[in-house]
Amino acid sequence: MQNDVTATPGNNEDATRRYYESGDVDAFYDTVWGGEDIHTGIYTDANEPIAAASRRTVDRLADRFEGVLAPGASVLDLGSGYGGTARHLASRFGCRVVALNLSATQNERHRRTNTERGLGELIEVVTGSFHEVPFEDGTFDAVCSLEALCHSDDRAKALGEAVRVLRPGGALAFTDIAAAEDVPEDVLYPAVSRLGVSALATMSFYLRRLGELGLEGIEFDEHSGELITHYVRLTEETTRREKELREVISARYVDGLLENLPLWTAAARAAHLRWGIVSGRRPV
């Protein structure tokens, strides 16, 4: 059984920050993932570029905010990474986006890209933790997150913070890689330890927790089968471009990728993982 909540929030934040501030990580995401949206994709076919599939995930998640986001509205992006989601939401809805992210290095890159694309006035990039969101209750019309909660060591607290800052009637939507029910921790640990955590949450935990927090209309739009395609594509691209990667990334990091990615593929094929879009609304 998965341990969904650990005792003290934020214990692994330094490890997460160090991971995402690595030049190796930047070079890998640029070369293989496209350097914009770094999360699981929704694919039209088994050979589609990873970047295109990852952008489709953002668009599907943004659909949950139709009728909520518009010019003058605001959305909080938790664990915003390089800013692909924030820029997409600002461009699609004309809304204000606050992008909260641990890594100061990623955040500087995020700000530069926003300015280059003429979105600097709509997007505010804030360095901080989703365990302690630095905004008042009921600040935002919507809150989103794409595969950031998997790095948390207190997901219950992180979800509590997300709901706390939602206005009445506000919408929450997020994706995260979860463990299938009753998969022992030690089965997935070899893969997930690279994230700086000992275990993944389960979808039943996420759905139960959102209910405890008072959200309504809670849904899980499941796309777990995409994990197989996604990790196969990542492994294929990393292997195909291994020589190129070794010119810009340390040998140790490339070796780690080639060892770790097949573990995720195997876990997905064994149906040990679940993935999709979770959403709900705060009551008016």
# chains A, B, ... in the order shown; residues from 1 in each chain; ligands from 1
call {"tool": "residues_around", "arguments": {"residues": "Leu89 in chain A", "least_positions_apart": "5", "cutoff": "9 Å", "atoms": "only C-alpha atoms", "output": "VMD selection string"}}
result
chain A and resid 58 to 59 62 69 75 84 94 to 97
call {"tool": "write_last_selection", "arguments": {"atoms": "all heavy atoms", "output": "PDB file, in the first residue's frame"}}
result
ATOM      1  N   VAL A  58      -1.462  20.271 -21.916  1.00  0.00           N
ATOM      2  CA  VAL A  58      -1.747  21.603 -21.381  1.00  0.00           C
ATOM      3  C   VAL A  58      -3.082  22.109 -21.913  1.00  0.00           C
ATOM      4  O   VAL A  58      -3.906  22.664 -21.166  1.00  0.00           O
ATOM      5  CB  VAL A  58      -0.621  22.594 -21.738  1.00  0.00           C
ATOM      6  CG1 VAL A  58      -0.953  23.991 -21.236  1.00  0.00           C
ATOM      7  CG2 VAL A  58       0.701  22.131 -21.156  1.00  0.00           C
ATOM      8  N   ASP A  59      -3.318  21.907 -23.195  1.00  0.00           N
ATOM      9  CA  ASP A  59      -4.560  22.393 -23.803  1.00  0.00           C
ATOM     10  C   ASP A  59      -5.776  21.663 -23.230  1.00  0.00           C
ATOM     11  O   ASP A  59      -6.814  22.282 -22.970  1.00  0.00           O
ATOM     12  CB  ASP A  59      -4.487  22.213 -25.313  1.00  0.00           C
ATOM     13  CG  ASP A  59      -5.396  23.180 -26.054  1.00  0.00           C
ATOM     14  OD1 ASP A  59      -5.508  24.346 -25.629  1.00  0.00           O
ATOM     15  OD2 ASP A  59      -6.006  22.750 -27.047  1.00  0.00           O
ATOM     16  N   ALA A  62      -6.385  23.046 -19.842  1.00  0.00           N
ATOM     17  CA  ALA A  62      -6.949  24.391 -19.950  1.00  0.00           C
ATOM     18  C   ALA A  62      -8.431  24.361 -20.272  1.00  0.00           C
ATOM     19  O   ALA A  62      -9.174  25.282 -19.903  1.00  0.00           O
ATOM     20  CB  ALA A  62      -6.193  25.184 -21.022  1.00  0.00           C
ATOM     21  N   LEU A  69     -11.738  31.364 -16.699  1.00  0.00           N
ATOM     22  CA  LEU A  69     -10.652  32.289 -17.023  1.00  0.00           C
ATOM     23  C   LEU A  69     -11.019  33.149 -18.229  1.00  0.00           C
ATOM     24  O   LEU A  69     -11.607  32.677 -19.202  1.00  0.00           O
ATOM     25  CB  LEU A  69      -9.366  31.517 -17.306  1.00  0.00           C
ATOM     26  CG  LEU A  69      -8.752  30.783 -16.117  1.00  0.00           C
ATOM     27  CD1 LEU A  69      -7.467  30.079 -16.536  1.00  0.00           C
ATOM     28  CD2 LEU A  69      -8.479  31.746 -14.954  1.00  0.00           C
ATOM     29  N   VAL A  75      -5.038  33.034 -12.463  1.00  0.00           N
ATOM     30  CA  VAL A  75      -4.786  31.619 -12.245  1.00  0.00           C
ATOM     31  C   VAL A  75      -3.401  31.454 -11.623  1.00  0.00           C
ATOM     32  O   VAL A  75      -2.463  32.172 -11.973  1.00  0.00           O
ATOM     33  CB  VAL A  75      -4.901  30.813 -13.562  1.00  0.00           C
ATOM     34  CG1 VAL A  75      -3.975  31.367 -14.637  1.00  0.00           C
ATOM     35  CG2 VAL A  75      -4.624  29.335 -13.327  1.00  0.00           C
ATOM     36  N   GLY A  84       5.776  26.896 -19.722  1.00  0.00           N
ATOM     37  CA  GLY A  84       4.945  26.590 -20.877  1.00  0.00           C
ATOM     38  C   GLY A  84       3.459  26.692 -20.583  1.00  0.00           C
ATOM     39  O   GLY A  84       2.695  27.258 -21.374  1.00  0.00           O
ATOM     40  N   GLY A  94      -6.124  35.356 -22.070  1.00  0.00           N
ATOM     41  CA  GLY A  94      -5.843  36.754 -21.773  1.00  0.00           C
ATOM     42  C   GLY A  94      -5.876  37.050 -20.292  1.00  0.00           C
ATOM     43  O   GLY A  94      -6.024  38.211 -19.877  1.00  0.00           O
ATOM     44  N   CYS A  95      -5.756  36.011 -19.471  1.00  0.00           N
ATOM     45  CA  CYS A  95      -5.845  36.159 -18.016  1.00  0.00           C
ATOM     46  C   CYS A  95      -4.481  36.464 -17.411  1.00  0.00           C
ATOM     47  O   CYS A  95      -3.456  36.351 -18.065  1.00  0.00           O
ATOM     48  CB  CYS A  95      -6.403  34.878 -17.395  1.00  0.00           C
ATOM     49  SG  CYS A  95      -5.368  33.414 -17.682  1.00  0.00           S
ATOM     50  N   ARG A  96      -4.502  36.845 -16.148  1.00  0.00           N
ATOM     51  CA  ARG A  96      -3.271  37.027 -15.378  1.00  0.00           C
ATOM     52  C   ARG A  96      -2.859  35.689 -14.787  1.00  0.00           C
ATOM     53  O   ARG A  96      -3.688  34.951 -14.275  1.00  0.00           O
ATOM     54  CB  ARG A  96      -3.498  38.041 -14.258  1.00  0.00           C
ATOM     55  CG  ARG A  96      -2.315  38.230 -13.324  1.00  0.00           C
ATOM     56  CD  ARG A  96      -2.572  39.342 -12.316  1.00  0.00           C
ATOM     57  NE  ARG A  96      -1.526  39.395 -11.304  1.00  0.00           N
ATOM     58  CZ  ARG A  96      -1.607  38.823 -10.100  1.00  0.00           C
ATOM     59  NH1 ARG A  96      -2.718  38.166  -9.756  1.00  0.00           N
ATOM     60  NH2 ARG A  96      -0.622  38.905  -9.239  1.00  0.00           N
ATOM     61  N   VAL A  97      -1.560  35.377 -14.882  1.00  0.00           N
ATOM     62  CA  VAL A  97      -1.042  34.123 -14.354  1.00  0.00           C
ATOM     63  C   VAL A  97       0.032  34.417 -13.321  1.00  0.00           C
ATOM     64  O   VAL A  97       0.919  35.245 -13.565  1.00  0.00           O
ATOM     65  CB  VAL A  97      -0.439  33.233 -15.469  1.00  0.00           C
ATOM     66  CG1 VAL A  97       0.016  31.894 -14.894  1.00  0.00           C
ATOM     67  CG2 VAL A  97      -1.438  33.024 -16.596  1.00  0.00           C
TER      68      VAL A  97
END
call {"tool": "closest_atom_pairs", "arguments": {"of": "range 99-178 of chain A", "to": "range 25-36 of chain A", "cutoff": "10 Å", "atoms": "only C-alpha atoms", "output": "Markdown table"}}
result
| residue | atom | partner | partner_atom | distance |
| --- | --- | --- | --- | --- |
| A:Thr105 | CA | A:Asp26 | CA | 9.9 |
| A:Gln106 | CA | A:Asp26 | CA | 8.7 |
| A:His110 | CA | A:Glu36 | CA | 9.4 |
| A:Thr113 | CA | A:Glu36 | CA | 9.9 |
call {"tool": "atom_distance", "arguments": {"atom1": "CA of Glu219 in chain A", "atom2": "CA of Phe174 in chain A"}}
result
10.8 Å
call {"tool": "residues_around", "arguments": {"residues": "range 271-279 of chain A", "least_positions_apart": "5", "cutoff": "10 Å", "atoms": "only C-alpha atoms", "output": "ChimeraX atom specification"}}
result
/A:40-42,57-58,60-61,64-65,143-147,171-184,187-188,200-203,206-207,210,215-228,264-266
call {"tool": "residues_around", "arguments": {"residues": "Arg111 in chain A", "least_positions_apart": "2", "cutoff": "9 Å", "atoms": "only C-alpha atoms", "output": "PyMOL selection string"}}
result
chain A and resi 82-83+106-109+113-116+120+123-125
call {"tool": "write_last_selection", "arguments": {"atoms": "C-alpha atoms", "output": "PDB file, in the first residue's frame"}}
result
ATOM      1  CA  TYR A  82       9.945  26.664 -17.641  1.00  0.00           C
ATOM      2  CA  GLY A  83       6.580  28.390 -17.980  1.00  0.00           C
ATOM      3  CA  GLN A 106      14.167  28.062 -14.031  1.00  0.00           C
ATOM      4  CA  ASN A 107      12.299  31.179 -12.975  1.00  0.00           C
ATOM      5  CA  GLU A 108      14.876  33.496 -14.536  1.00  0.00           C
ATOM      6  CA  ARG A 109      14.618  31.598 -17.793  1.00  0.00           C
ATOM      7  CA  THR A 113      10.977  33.885 -22.332  1.00  0.00           C
ATOM      8  CA  ASN A 114       7.839  35.711 -21.206  1.00  0.00           C
ATOM      9  CA  THR A 115       9.425  39.038 -22.107  1.00  0.00           C
ATOM     10  CA  GLU A 116      10.606  37.736 -25.481  1.00  0.00           C
ATOM     11  CA  GLY A 120       5.698  39.724 -19.308  1.00  0.00           C
ATOM     12  CA  ILE A 123       2.650  36.562 -16.021  1.00  0.00           C
ATOM     13  CA  GLU A 124       4.213  37.075 -12.603  1.00  0.00           C
ATOM     14  CA  VAL A 125       6.896  34.516 -11.730  1.00  0.00           C
TER      15      VAL A 125
END
call {"tool": "closest_residue", "arguments": {"among": "A:Ser54, A:Arg117, A:Ala162, A:Asp77", "to": "Arg281 in chain A", "atoms": "only C-alpha atoms"}}
result
A:Ala162
call {"tool": "select_by_dssp", "arguments": {"residues": "range 37-255 of chain A", "states": "helix (DSSP H, G or I)", "output": "PyMOL selection string"}}
result
chain A and resi 50-63+84-93+104-116+149-151+155-164+185-195+203-212+226-240+242-248+251-255
call {"tool": "closest_residue", "arguments": {"among": "A:Ala70, A:Thr127, A:Gly160, A:Pro49", "to": "Leu213 in chain A", "atoms": "only C-alpha atoms"}}
result
A:Gly160
